[in-house]
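One file, coords-v4.csv, is given below (CSV, C-alpha atoms).
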chain,number,residue,atom,x,y,z
Y,1004,MET,CA,-38.7,77.8,-209.2
Y,1005,PHE,CA,-41.1,80.7,-210.0
Y,1006,ARG,CA,-39.1,81.6,-213.1
Y,1007,HIS,CA,-39.1,78.0,-214.2
Y,1008,LEU,CA,-42.9,77.8,-213.8
Y,1009,LEU,CA,-43.4,81.0,-215.8
Y,1010,LYS,CA,-41.3,79.5,-218.7
Y,1011,LEU,CA,-43.3,76.3,-218.7
Y,1012,THR,CA,-46.6,78.2,-218.6
Y,1013,TRP,CA,-45.5,80.5,-221.5
Y,1014,LYS,CA,-44.3,77.6,-223.7
Y,1015,ARG,CA,-47.7,76.0,-223.4
Y,1016,LYS,CA,-49.6,79.2,-223.7
Y,1017,SER,CA,-51.9,78.0,-226.4
Y,1018,ARG,CA,-52.8,74.9,-224.4
Y,1019,ASN,CA,-53.2,76.9,-221.2
Y,1020,LEU,CA,-55.4,79.6,-222.8
Y,1021,MET,CA,-58.6,77.5,-222.5
Y,1022,LEU,CA,-57.7,76.6,-218.9
Y,1023,SER,CA,-57.3,80.3,-218.0
Y,1024,LEU,CA,-60.5,81.2,-219.7
Y,1025,GLU,CA,-62.4,78.6,-217.7
Y,1026,ILE,CA,-60.9,79.8,-214.5
Y,1027,LEU,CA,-61.7,83.4,-215.5
Y,1028,LEU,CA,-65.3,82.4,-216.1
Y,1029,ALA,CA,-65.5,80.7,-212.7
Y,1030,PHE,CA,-64.0,83.7,-211.0
Y,1031,ALA,CA,-66.5,86.0,-212.6
Y,1032,ILE,CA,-69.4,83.7,-211.6
Y,1033,VAL,CA,-68.2,83.5,-208.0
Y,1034,PHE,CA,-67.6,87.2,-207.8
Y,1035,GLY,CA,-71.1,88.0,-208.9
Y,1036,VAL,CA,-72.7,85.8,-206.3
Y,1037,ALA,CA,-70.3,86.9,-203.6
Y,1038,ALA,CA,-70.9,90.6,-204.4
Y,1039,PHE,CA,-74.7,89.9,-204.2
Y,1040,GLY,CA,-74.4,88.2,-200.8
Y,1041,ALA,CA,-71.9,90.7,-199.4
Y,1042,ARG,CA,-74.2,93.6,-200.3
Y,1043,TYR,CA,-77.1,91.8,-198.6
Y,1044,LEU,CA,-75.0,91.2,-195.5
Y,1045,GLN,CA,-73.9,94.8,-195.5
Y,1046,LEU,CA,-77.5,96.0,-195.7
Y,1047,TYR,CA,-78.6,93.5,-193.0
Y,1048,ARG,CA,-76.2,95.0,-190.6
Y,1049,MET,CA,-77.4,98.6,-191.2
Y,1050,PRO,CA,-79.8,100.1,-188.7
Y,1051,LEU,CA,-83.5,100.0,-189.8
Y,1052,GLY,CA,-84.5,103.1,-187.9
Y,1053,PHE,CA,-87.6,101.6,-186.4
Y,1054,GLU,CA,-88.8,98.8,-184.1
Y,1055,ALA,CA,-91.1,96.1,-185.5
Y,1056,ASN,CA,-91.4,94.0,-182.4
Y,1057,ASP,CA,-94.9,93.8,-181.0
Y,1058,VAL,CA,-96.3,95.9,-183.8
Y,1059,TRP,CA,-99.4,94.8,-185.7
Y,1060,SER,CA,-101.0,96.3,-188.8
Y,1061,VAL,CA,-104.7,96.5,-189.5
Y,1062,SER,CA,-105.8,97.2,-193.1
Y,1063,ILE,CA,-109.3,98.7,-193.4
Y,1064,GLN,CA,-111.2,97.3,-196.3
Y,1065,ALA,CA,-114.2,99.5,-196.9
Y,1066,ALA,CA,-116.6,98.7,-199.7
Y,1067,ASP,CA,-116.3,102.2,-201.3
Y,1068,ASN,CA,-113.2,101.4,-203.3
Y,1069,GLY,CA,-111.5,104.4,-201.8
Y,1070,LYS,CA,-114.1,106.9,-202.9
Y,1071,GLU,CA,-115.5,107.7,-199.4
Y,1072,ARG,CA,-113.7,110.4,-197.4
Y,1073,PHE,CA,-113.2,109.7,-193.7
Y,1074,ASP,CA,-113.6,112.8,-191.5
Y,1075,ALA,CA,-111.7,113.4,-188.3
Y,1076,ALA,CA,-114.5,111.9,-186.2
Y,1077,VAL,CA,-114.0,108.5,-187.9
Y,1078,TYR,CA,-110.3,108.4,-187.1
Y,1079,ASP,CA,-111.0,109.6,-183.5
Y,1080,THR,CA,-113.6,106.9,-183.0
Y,1081,LEU,CA,-111.2,104.2,-184.2
Y,1082,ARG,CA,-108.4,105.5,-182.0
Y,1083,ARG,CA,-110.6,105.7,-178.9
Y,1084,GLY,CA,-112.0,102.2,-179.5
Y,1085,LEU,CA,-108.6,100.7,-179.9
Y,1086,ALA,CA,-107.2,102.5,-176.8
Y,1087,GLU,CA,-109.9,100.6,-174.7
Y,1088,LEU,CA,-108.2,97.3,-175.5
Y,1089,PRO,CA,-105.8,96.4,-172.7
Y,1090,GLU,CA,-103.3,94.8,-175.1
Y,1091,VAL,CA,-103.0,98.0,-177.2
Y,1092,SER,CA,-100.3,100.4,-176.0
Y,1093,ALA,CA,-100.5,102.9,-178.9
Y,1094,SER,CA,-102.0,103.3,-182.4
Y,1095,ALA,CA,-101.3,105.3,-185.5
Y,1096,PHE,CA,-102.7,105.7,-189.0
Y,1097,VAL,CA,-100.5,105.4,-192.1
Y,1098,ASN,CA,-101.1,105.0,-195.8
Y,1099,HIS,CA,-99.0,101.8,-195.7
Y,1100,GLU,CA,-97.2,100.0,-193.0
Y,1101,PRO,CA,-93.5,99.0,-192.8
Y,1102,TYR,CA,-92.5,95.8,-194.7
Y,1103,ALA,CA,-95.4,96.4,-197.1
Y,1104,MET,CA,-94.9,95.8,-200.8
Y,1105,SER,CA,-96.3,99.3,-201.5
Y,1106,THR,CA,-94.2,102.3,-202.4
Y,1107,TYR,CA,-95.3,105.9,-202.3
Y,1108,ALA,CA,-92.7,108.1,-203.9
Y,1109,GLY,CA,-92.2,111.4,-205.7
Y,1110,ASP,CA,-89.7,114.0,-206.8
Y,1111,MET,CA,-89.0,116.9,-204.4
Y,1112,ARG,CA,-87.0,120.0,-205.0
Y,1113,ARG,CA,-85.7,122.9,-202.9
Y,1114,SER,CA,-87.2,125.5,-205.2
Y,1115,ALA,CA,-88.8,125.8,-208.6
Y,1116,GLY,CA,-86.2,124.8,-211.2
Y,1117,ALA,CA,-83.9,123.2,-208.7
Y,1118,PRO,CA,-82.6,119.7,-209.2
Y,1119,GLN,CA,-85.1,116.9,-208.2
Y,1120,VAL,CA,-84.5,114.6,-205.3
Y,1121,HIS,CA,-86.4,111.4,-205.6
Y,1122,THR,CA,-88.0,110.6,-202.3
Y,1123,GLU,CA,-90.1,107.8,-200.8
Y,1124,MET,CA,-92.8,108.9,-198.4
Y,1125,ILE,CA,-95.4,107.8,-195.8
Y,1126,GLU,CA,-98.4,109.8,-194.9
Y,1127,THR,CA,-99.1,109.4,-191.2
Y,1128,ASP,CA,-100.5,111.0,-188.1
Y,1129,ASP,CA,-98.9,112.4,-184.9
Y,1130,ALA,CA,-98.6,109.0,-183.1
Y,1131,LEU,CA,-96.4,107.0,-185.5
Y,1132,ALA,CA,-93.1,107.9,-183.8
Y,1133,GLY,CA,-94.3,106.3,-180.5
Y,1134,VAL,CA,-95.6,103.2,-182.2
Y,1135,LEU,CA,-92.5,102.5,-184.3
Y,1136,GLY,CA,-90.0,103.8,-181.8
Y,1137,LEU,CA,-88.6,106.4,-184.2
Y,1138,ARG,CA,-85.8,108.4,-182.7
Y,1139,LEU,CA,-85.1,111.9,-183.9
Y,1140,SER,CA,-81.6,113.3,-184.1
Y,1141,GLU,CA,-82.8,116.8,-184.7
Y,1142,GLY,CA,-86.0,118.7,-184.1
Y,1143,ARG,CA,-89.3,117.1,-183.1
Y,1144,TRP,CA,-92.1,114.9,-184.5
Y,1145,PHE,CA,-95.1,116.8,-185.9
Y,1146,SER,CA,-98.0,117.5,-183.5
Y,1147,GLN,CA,-101.1,119.6,-183.0
Y,1148,LEU,CA,-98.7,122.6,-182.8
Y,1149,ASP,CA,-98.6,122.3,-186.6
Y,1150,ASN,CA,-102.3,122.6,-187.1
Y,1151,GLY,CA,-103.1,125.2,-189.8
Y,1152,SER,CA,-99.5,125.7,-190.8
Y,1153,ALA,CA,-99.1,127.0,-194.4
Y,1154,ALA,CA,-96.4,124.5,-195.2
Y,1155,ARG,CA,-97.1,120.9,-194.6
Y,1156,PRO,CA,-94.9,119.6,-191.8
Y,1157,VAL,CA,-92.5,116.7,-192.5
Y,1158,VAL,CA,-89.9,114.6,-190.8
Y,1159,ILE,CA,-87.1,113.5,-193.2
Y,1160,ASN,CA,-84.2,111.1,-192.8
Y,1161,ARG,CA,-80.6,112.1,-192.8
Y,1162,ARG,CA,-80.0,110.9,-196.3
Y,1163,MET,CA,-82.6,113.1,-197.7
Y,1164,ALA,CA,-81.4,116.1,-195.6
Y,1165,ASP,CA,-77.9,115.7,-197.1
Y,1166,ALA,CA,-79.3,115.4,-200.6
Y,1167,MET,CA,-81.8,118.3,-200.4
Y,1168,PHE,CA,-79.7,120.7,-198.2
Y,1169,PRO,CA,-76.0,119.7,-198.7
Y,1170,GLY,CA,-73.8,121.3,-196.2
Y,1171,GLU,CA,-76.7,123.0,-194.4
Y,1172,ARG,CA,-78.9,122.3,-191.4
Y,1173,ALA,CA,-82.2,120.8,-192.7
Y,1174,LEU,CA,-84.3,121.8,-189.7
Y,1175,GLY,CA,-86.7,124.6,-190.5
Y,1176,GLN,CA,-85.9,124.5,-194.2
Y,1177,GLN,CA,-88.7,124.2,-196.8
Y,1178,PHE,CA,-89.0,122.4,-200.1
Y,1179,ILE,CA,-91.7,121.7,-202.7
Y,1180,ASP,CA,-92.9,119.1,-205.1
Y,1181,GLY,CA,-94.3,119.4,-208.6
Y,1182,GLU,CA,-93.2,118.9,-212.1
Y,1183,GLY,CA,-91.4,121.3,-214.4
Y,1184,ASP,CA,-91.0,124.9,-213.1
Y,1185,LYS,CA,-94.5,125.0,-211.5
Y,1186,PRO,CA,-94.3,125.1,-207.7
Y,1187,GLY,CA,-96.3,122.4,-205.9
Y,1188,THR,CA,-97.1,121.7,-202.3
Y,1189,SER,CA,-94.8,123.4,-199.8
Y,1190,TYR,CA,-93.2,121.3,-197.0
Y,1191,ARG,CA,-91.4,122.4,-193.9
Y,1192,VAL,CA,-88.9,120.2,-192.1
Y,1193,VAL,CA,-89.7,119.9,-188.4
Y,1194,GLY,CA,-87.5,116.9,-187.6
Y,1195,VAL,CA,-84.8,114.6,-188.8
Y,1196,VAL,CA,-84.3,110.9,-188.1
Y,1197,GLU,CA,-81.0,109.2,-188.9
Y,1198,ASP,CA,-82.3,106.1,-190.7
Y,1199,PHE,CA,-85.5,104.7,-192.0
Y,1200,ARG,CA,-85.7,101.7,-194.3
Y,1201,PRO,CA,-89.4,100.6,-194.4
Y,1202,LYS,CA,-88.9,97.5,-196.6
Y,1203,GLY,CA,-86.6,95.8,-194.1
Y,1204,GLU,CA,-83.1,94.6,-193.7
Y,1205,PHE,CA,-82.4,94.0,-197.4
Y,1206,ASP,CA,-83.7,97.4,-198.4
Y,1207,ALA,CA,-81.1,99.8,-199.7
Y,1208,PRO,CA,-81.1,103.2,-197.9
Y,1209,VAL,CA,-83.3,105.8,-199.7
Y,1210,ASN,CA,-84.3,109.4,-199.3
Y,1211,PHE,CA,-87.4,109.3,-197.0
Y,1212,ALA,CA,-90.0,111.7,-195.7
Y,1213,PHE,CA,-92.9,111.4,-193.2
Y,1214,LEU,CA,-95.7,113.6,-194.3
Y,1215,ARG,CA,-98.2,114.8,-191.7
Y,1216,PHE,CA,-101.8,113.7,-192.4
Y,1217,GLU,CA,-104.7,115.9,-191.4
Y,1218,PRO,CA,-108.2,114.5,-192.1
Y,1219,GLY,CA,-110.1,116.7,-194.5
Y,1220,ARG,CA,-107.1,118.8,-195.4
Y,1221,ASN,CA,-105.1,116.4,-197.5
Y,1222,GLU,CA,-106.1,114.6,-200.6
Y,1223,GLY,CA,-107.4,111.0,-200.0
Y,1224,ASP,CA,-107.5,109.0,-196.8
Y,1225,ILE,CA,-105.1,106.7,-195.0
Y,1226,ARG,CA,-106.6,103.3,-194.2
Y,1227,THR,CA,-104.0,101.3,-192.4
Y,1228,ILE,CA,-103.6,101.2,-188.6
Y,1229,VAL,CA,-100.4,100.2,-186.9
Y,1230,LEU,CA,-100.7,99.1,-183.3
Y,1231,LYS,CA,-98.1,98.8,-180.6
Y,1232,VAL,CA,-99.2,95.8,-178.5
Y,1233,LYS,CA,-97.9,94.6,-175.1
Y,1234,PRO,CA,-95.1,92.1,-175.2
Y,1235,GLY,CA,-96.3,88.5,-175.3
Y,1236,THR,CA,-99.6,89.2,-177.1
Y,1237,GLY,CA,-100.6,86.1,-179.1
Y,1238,ARG,CA,-102.4,85.7,-182.3
Y,1239,ASP,CA,-105.6,84.9,-180.4
Y,1240,PHE,CA,-105.8,88.7,-179.8
Y,1241,GLU,CA,-106.7,89.1,-183.5
Y,1242,ASN,CA,-110.2,87.8,-182.9
Y,1243,ARG,CA,-110.9,90.3,-180.1
Y,1244,LEU,CA,-109.3,93.1,-182.1
Y,1245,VAL,CA,-111.6,92.4,-185.1
Y,1246,ARG,CA,-114.7,92.2,-182.8
Y,1247,ARG,CA,-113.9,95.6,-181.3
Y,1248,LEU,CA,-113.4,97.1,-184.8
Y,1249,LYS,CA,-116.6,95.6,-186.0
Y,1250,LEU,CA,-118.4,97.3,-183.1
Y,1251,ILE,CA,-117.1,100.6,-184.4
Y,1252,ARG,CA,-117.8,99.9,-188.1
Y,1253,ASN,CA,-119.6,96.7,-188.9
Y,1254,ASP,CA,-119.7,97.4,-192.7
Y,1255,TRP,CA,-115.9,97.3,-193.1
Y,1256,GLY,CA,-113.6,94.4,-193.4
Y,1257,TYR,CA,-110.3,94.2,-191.4
Y,1258,GLN,CA,-107.1,92.4,-192.3
Y,1259,VAL,CA,-104.8,92.0,-189.2
Y,1260,THR,CA,-101.1,91.1,-189.7
Y,1261,PRO,CA,-98.2,91.3,-187.2
Y,1262,LEU,CA,-95.2,93.1,-188.6
Y,1263,ALA,CA,-93.1,90.0,-187.7
Y,1264,THR,CA,-95.1,88.1,-190.3
Y,1265,LEU,CA,-94.7,90.8,-192.9
Y,1266,ARG,CA,-91.0,90.9,-192.1
Y,1267,LYS,CA,-90.6,87.2,-192.7
Y,1268,THR,CA,-92.4,87.5,-196.0
Y,1269,MET,CA,-90.3,90.4,-197.1
Y,1270,LEU,CA,-87.0,88.7,-196.2
Y,1271,HIS,CA,-88.1,85.6,-198.1
Y,1272,THR,CA,-89.1,87.6,-201.1
Y,1273,ARG,CA,-85.8,89.6,-201.2
Y,1274,ALA,CA,-83.6,86.6,-200.5
Y,1275,MET,CA,-85.2,84.4,-203.2
Y,1276,PRO,CA,-83.2,86.0,-206.1
Y,1277,LEU,CA,-79.9,85.4,-204.2
Y,1278,VAL,CA,-80.9,81.8,-203.6
Y,1279,LEU,CA,-81.8,81.2,-207.3
Y,1280,VAL,CA,-78.6,82.9,-208.5
Y,1281,SER,CA,-76.5,80.9,-206.0
Y,1282,VAL,CA,-78.0,77.6,-207.2
Y,1283,ILE,CA,-77.4,78.5,-210.9
Y,1284,ALA,CA,-73.9,79.6,-210.1
Y,1285,ALA,CA,-73.1,76.5,-208.1
Y,1286,PHE,CA,-74.3,74.3,-211.1
Y,1287,MET,CA,-72.2,76.3,-213.5
Y,1288,LEU,CA,-69.2,76.1,-211.1
Y,1289,VAL,CA,-69.5,72.3,-211.0
Y,1290,MET,CA,-69.5,72.2,-214.8
Y,1291,VAL,CA,-66.4,74.4,-214.8
Y,1292,ALA,CA,-64.7,72.2,-212.2
Y,1293,PHE,CA,-65.4,69.1,-214.3
Y,1294,GLY,CA,-64.0,70.8,-217.4
Y,1295,LEU,CA,-61.0,72.0,-215.5
Y,1296,PHE,CA,-60.3,68.6,-214.1
Y,1297,GLY,CA,-60.6,66.9,-217.5
Y,1298,ALA,CA,-58.3,69.5,-219.1
Y,1299,LEU,CA,-55.7,69.0,-216.3
Y,1300,TRP,CA,-56.0,65.2,-216.6
Y,1301,GLN,CA,-55.4,65.4,-220.4
Y,1302,ASN,CA,-52.6,67.9,-219.9
Y,1303,THR,CA,-50.8,65.7,-217.4
Y,1304,THR,CA,-51.2,62.6,-219.6
Y,1305,ALA,CA,-49.6,64.4,-222.5
Y,1306,ARG,CA,-46.7,65.3,-220.3
Y,1307,ILE,CA,-45.9,61.8,-219.1
Y,1308,PRO,CA,-42.6,61.5,-221.1
Y,1309,GLU,CA,-41.5,64.9,-219.7
Y,1310,ILE,CA,-42.4,63.8,-216.2
Y,1311,GLY,CA,-40.5,60.5,-216.7
Y,1312,LEU,CA,-37.4,62.4,-217.9
Y,1313,ARG,CA,-37.5,64.6,-214.8
Y,1314,ARG,CA,-37.8,61.6,-212.5
Y,1315,ALA,CA,-34.9,59.9,-214.3
Y,1316,ILE,CA,-32.6,62.8,-213.7
Y,1317,GLY,CA,-33.5,62.8,-210.0
Y,1318,ALA,CA,-36.7,64.8,-209.4
Y,1319,SER,CA,-38.6,63.5,-206.4
Y,1320,ALA,CA,-42.3,62.4,-206.4
Y,1321,ALA,CA,-43.1,65.3,-204.1
Y,1322,GLY,CA,-41.3,67.7,-206.5
Y,1323,ILE,CA,-43.5,66.5,-209.4
Y,1324,TYR,CA,-46.6,66.8,-207.3
Y,1325,ARG,CA,-45.7,70.3,-206.2
Y,1326,GLN,CA,-44.9,71.4,-209.8
Y,1327,ILE,CA,-48.3,70.2,-211.1
Y,1328,VAL,CA,-50.2,72.0,-208.3
Y,1329,LEU,CA,-48.1,75.2,-208.5
Y,1330,GLU,CA,-48.6,75.4,-212.3
Y,1331,GLN,CA,-52.3,75.3,-211.7
Y,1332,PHE,CA,-52.1,77.9,-209.0
Y,1333,MET,CA,-50.1,80.1,-211.4
Y,1334,LEU,CA,-52.7,79.8,-214.1
Y,1335,SER,CA,-55.4,80.6,-211.6
Y,1336,SER,CA,-53.4,83.7,-210.4
Y,1337,ILE,CA,-53.1,84.9,-214.0
Y,1338,ALA,CA,-56.9,84.5,-214.6
Y,1339,ILE,CA,-57.8,86.1,-211.2
Y,1340,GLY,CA,-55.5,89.0,-211.9
Y,1341,LEU,CA,-57.1,89.6,-215.3
Y,1342,GLY,CA,-60.5,89.2,-213.8
Y,1343,LEU,CA,-59.7,91.8,-211.1
Y,1344,VAL,CA,-58.4,94.3,-213.6
Y,1345,LEU,CA,-61.8,94.0,-215.5
Y,1346,LEU,CA,-64.0,93.9,-212.4
Y,1347,VAL,CA,-62.4,96.8,-210.6
Y,1348,GLN,CA,-63.8,99.1,-213.3
Y,1349,LEU,CA,-67.3,98.6,-211.8
Y,1350,PRO,CA,-66.7,100.5,-208.5
Y,1351,LEU,CA,-64.3,102.9,-210.2
Y,1352,THR,CA,-66.9,104.0,-212.7
Y,1353,GLY,CA,-69.8,103.7,-210.2
Y,1354,VAL,CA,-72.0,102.1,-212.8
Y,1355,LEU,CA,-73.7,99.9,-210.1
Y,1356,GLY,CA,-73.9,102.8,-207.6
Y,1357,GLU,CA,-73.9,101.8,-203.9
Y,1358,SER,CA,-74.7,98.2,-204.7
Y,1359,LEU,CA,-71.0,97.6,-205.5
Y,1360,ASN,CA,-69.1,99.9,-203.1
Y,1361,TRP,CA,-65.5,99.3,-202.2
Y,1362,ALA,CA,-66.3,97.3,-199.1
Y,1363,VAL,CA,-68.6,94.9,-201.1
Y,1364,PHE,CA,-66.0,94.7,-203.9
Y,1365,ALA,CA,-63.2,93.8,-201.5
Y,1366,ALA,CA,-65.3,91.2,-199.7
Y,1367,ALA,CA,-66.4,89.6,-203.0
Y,1368,ALA,CA,-62.9,89.7,-204.5
Y,1369,GLY,CA,-61.4,88.0,-201.4
Y,1370,LEU,CA,-64.1,85.3,-201.2
Y,1371,SER,CA,-63.8,84.7,-205.0
Y,1372,MET,CA,-60.1,84.3,-204.8
Y,1373,VAL,CA,-60.4,81.8,-202.0
Y,1374,VAL,CA,-63.0,79.7,-203.8
Y,1375,ILE,CA,-61.1,79.7,-207.1
Y,1376,TYR,CA,-57.8,78.7,-205.5
Y,1377,LEU,CA,-59.6,76.0,-203.5
Y,1378,LEU,CA,-61.3,74.8,-206.7
Y,1379,SER,CA,-57.9,74.8,-208.6
Y,1380,LEU,CA,-56.3,72.8,-205.7
Y,1381,LEU,CA,-59.1,70.2,-205.7
Y,1382,CYS,CA,-58.9,69.8,-209.5
Y,1383,ALA,CA,-55.1,69.5,-209.5
Y,1384,LEU,CA,-54.7,67.1,-206.5
Y,1385,TYR,CA,-55.5,63.8,-208.3
Y,1386,PRO,CA,-53.7,64.6,-211.6
Y,1387,GLY,CA,-50.7,65.7,-209.6
Y,1388,TRP,CA,-50.8,62.6,-207.4
Y,1389,ARG,CA,-51.1,60.4,-210.5
Y,1390,ALA,CA,-48.1,62.1,-212.2
Y,1391,SER,CA,-46.0,61.8,-209.0
Y,1392,ARG,CA,-46.7,58.0,-208.8
Y,1393,LEU,CA,-45.3,57.3,-212.3
Y,1394,SER,CA,-42.0,55.5,-212.2
Y,1395,PRO,CA,-39.3,56.7,-214.6
Y,1396,THR,CA,-39.3,53.4,-216.5
Y,1397,GLU,CA,-43.1,53.5,-217.1
Y,1398,ALA,CA,-43.0,57.2,-218.1
Y,1399,LEU,CA,-40.2,56.9,-220.5
Y,1400,HIS,CA,-41.8,53.9,-222.3
Y,1401,TYR,CA,-45.2,55.6,-222.4
Y,1402,GLU,CA,-46.7,56.1,-225.9

This structure in structure tokens:
Amino acid sequence: MFRHLLKLTWKRKSRNLMLSLEILLAFAIVFGVAAFGARYLQLYRMPLGFEANDVWSVSIQAADNGKERFDAAVYDTLRRGLAELPEVSASAFVNHEPYAMSTYAGDMRRSAGAPQVHTEMIETDDALAGVLGLRLSEGRWFSQLDNGSAARPVVINRRMADAMFPGERALGQQFIDGEGDKPGTSYRVVGVVEDFRPKGEFDAPVNFAFLRFEPGRNEGDIRTIVLKVKPGTGRDFENRLVRRLKLIRNDWGYQVTPLATLRKTMLHTRAMPLVLVSVIAAFMLVMVAFGLFGALWQNTTARIPEIGLRRAIGASAAGIYRQIVLEQFMLSSIAIGLGLVLLVQLPLTGVLGESLNWAVFAAAAGLSMVVIYLLSLLCALYPGWRASRLSPTEALHYE
């Protein structure tokens, strides 16, 4: 049976070429969307490295456009004032909170002239680990023990540790920033966290470093506060929080946002491209399905005399039905095989990096095959049924 189908397919190769190209196009479309979705699902299942529940952010909006320098007394006054609120369990200062659209990044290197390691960073104080529930796998979080140290203390994630110090223990190591061969600020690793993805569940893992902020010693200020509040704290607490902050500095504005709200916004923003691509792909797939159905209908109509002859020599209606469907499955298999040969080059060459790793490729390929075979089956059902219902007399007299 298989050999017979191959002969029939080869004899009609010019006619089947367009069908195969349509199926190949549909397979590529489905693969792209499936790979996009599979990567998002893979990222969603990865650990974030921090806890966003019951964490709020407060953005300080001073009227100085960032020109005024805050001294240690300002931060201490804010911290003490917030600690007096019964709903606040802990507070920390950062240059931007998790789920923010902001990115603070730079190139780090182990020594002058060494390869650069692109790294995202957050400047923060000694309390952030407690607010976000950060768990260290090595070392400690920076503290007052690091006051006055020559190298700026940092905590890095495991990914950066492996990139900066491959095959070595990162704890206690130093690295620098700067451009060219000129040495920049020196950093000393005091701790390592396994994971940290500040932009949320759909954020790809990146090299990350927490830089210790000391008022008056570092350039600029940090003007975002993250608060760990007690479970069950409602949005009505926002008014009391702003009133307390106004008592401390009445000339500033304050924007209060729970991280849960920022998370929802970030997920919606990151998911929107996938939704748009899926809608466009679905529309294109419907167009391909209509074209495929029309081509199969025309192909079956052109073969009515052949079908009548087969019925006249004893072929059953079920056999005709099965032949039409299996021929379509064979065309689909040829197109899918060619598509896989082309698409497998992407993870082999690594042109898309981690976005299309082997797990994503396998999931996308499997889902695409299921969709294409199902689409082929649906498109072949009615033409196959129509062919199987022809009587030998009608078919042989068809013109």

Dump as JSON lines the rows for residues of segment 1151-1213 of chain Y within 12 Å of segment 1353-1377 of chain Y: closest atom pair and distance in Å with one decimal, all atoms listed in the file counted, ordered by chain and rising residue number.
{"residue": "Y:Phe1205", "atom": "CA", "partner": "Y:Ser1358", "partner_atom": "CA", "distance": 11.4}
{"residue": "Y:Asp1206", "atom": "CA", "partner": "Y:Ser1358", "partner_atom": "CA", "distance": 11.0}
{"residue": "Y:Ala1207", "atom": "CA", "partner": "Y:Ser1358", "partner_atom": "CA", "distance": 8.3}
{"residue": "Y:Pro1208", "atom": "CA", "partner": "Y:Glu1357", "partner_atom": "CA", "distance": 9.5}
{"residue": "Y:Val1209", "atom": "CA", "partner": "Y:Glu1357", "partner_atom": "CA", "distance": 11.0}

- request: Grab the atom CA of Pro1350 of chain Y to atom CA of Gly1203 of chain Y distance for me, in Å with one decimal place.
  value: 25.0 Å

Using only C-alpha atoms, what table do you get, as JSON lines, when you list each residue of segment 1186-1236 of chain Y with an atom no more than 9 Å from segment 1157-1161 of chain Y, its nearest pair of atoms, and their distance in Å rounded to one decimal, rows by chain then rising number?
{"residue": "Y:Tyr1190", "atom": "CA", "partner": "Y:Val1157", "partner_atom": "CA", "distance": 6.5}
{"residue": "Y:Arg1191", "atom": "CA", "partner": "Y:Val1157", "partner_atom": "CA", "distance": 6.0}
{"residue": "Y:Val1192", "atom": "CA", "partner": "Y:Val1157", "partner_atom": "CA", "distance": 5.0}
{"residue": "Y:Val1193", "atom": "CA", "partner": "Y:Val1158", "partner_atom": "CA", "distance": 5.8}
{"residue": "Y:Gly1194", "atom": "CA", "partner": "Y:Val1158", "partner_atom": "CA", "distance": 4.6}
{"residue": "Y:Val1195", "atom": "CA", "partner": "Y:Ile1159", "partner_atom": "CA", "distance": 5.1}
{"residue": "Y:Val1196", "atom": "CA", "partner": "Y:Asn1160", "partner_atom": "CA", "distance": 4.7}
{"residue": "Y:Glu1197", "atom": "CA", "partner": "Y:Arg1161", "partner_atom": "CA", "distance": 4.9}
{"residue": "Y:Asp1198", "atom": "CA", "partner": "Y:Asn1160", "partner_atom": "CA", "distance": 5.7}
{"residue": "Y:Phe1199", "atom": "CA", "partner": "Y:Asn1160", "partner_atom": "CA", "distance": 6.6}
{"residue": "Y:Val1209", "atom": "CA", "partner": "Y:Asn1160", "partner_atom": "CA", "distance": 8.7}
{"residue": "Y:Asn1210", "atom": "CA", "partner": "Y:Asn1160", "partner_atom": "CA", "distance": 6.7}
{"residue": "Y:Phe1211", "atom": "CA", "partner": "Y:Asn1160", "partner_atom": "CA", "distance": 5.6}
{"residue": "Y:Ala1212", "atom": "CA", "partner": "Y:Ile1159", "partner_atom": "CA", "distance": 4.2}
{"residue": "Y:Phe1213", "atom": "CA", "partner": "Y:Val1158", "partner_atom": "CA", "distance": 5.0}
{"residue": "Y:Leu1214", "atom": "CA", "partner": "Y:Val1157", "partner_atom": "CA", "distance": 4.8}
{"residue": "Y:Arg1215", "atom": "CA", "partner": "Y:Val1157", "partner_atom": "CA", "distance": 6.1}

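Atom to atom, atom CA of Leu1135 of chain Y and atom CA of Gly1256 of chain Y stand 24.4 Å apart.
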
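In this comparison, which uses only C-alpha atoms, the residue of Y:Arg1113, Y:Arg1266, Y:Arg1162, Y:Arg1247 approaching Val1091 of chain Y most closely is Y:Arg1247.
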
query: Taking into account only C-alpha atoms, which residue in the set Y:Gly1116, Y:Phe1096, Y:Thr1268, Y:Arg1226 is nearest to Trp1255 of chain Y?
result: Y:Arg1226

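With atom CA of Glu1330 of chain Y on one side and atom CA of Leu1343 of chain Y on the other, the separation reads 19.8 Å.
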
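Comparing the minimum interatomic distances between Ala1263 of chain Y and each of Y:Gly1084, Y:Pro1101, Y:Gly1109, Y:Pro1118, counting only C-alpha atoms, we find that Y:Pro1101 sits nearest.
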
message: Measuring between all atoms listed in the file, which one of Y:Ser1189, Y:Thr1260, Y:Val1278, Y:Val1061 shows the shortest distance to Gln1176 of chain Y?
response: Y:Ser1189

- request: Name all residues at most 12 Å from Ser1105 of chain Y (count all atoms listed in the file; drop same-chain ones fewer than 2 positions away) and give them as a PyMOL selection string.
  value: chain Y and resi 1097-1103+1107-1108+1123-1125+1201-1202+1269

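Residues with any atom within 12 Å of Asp1074 of chain Y, counting all atoms listed in the file and excluding same-chain neighbours fewer than 4 positions away, are Tyr1078, Asp1079, Thr1080, Leu1081, Phe1216, Glu1217, Pro1218, Gly1219, Arg1220, Asn1221, Glu1222, Gly1223, Asp1224 and Ile1225 of chain Y.
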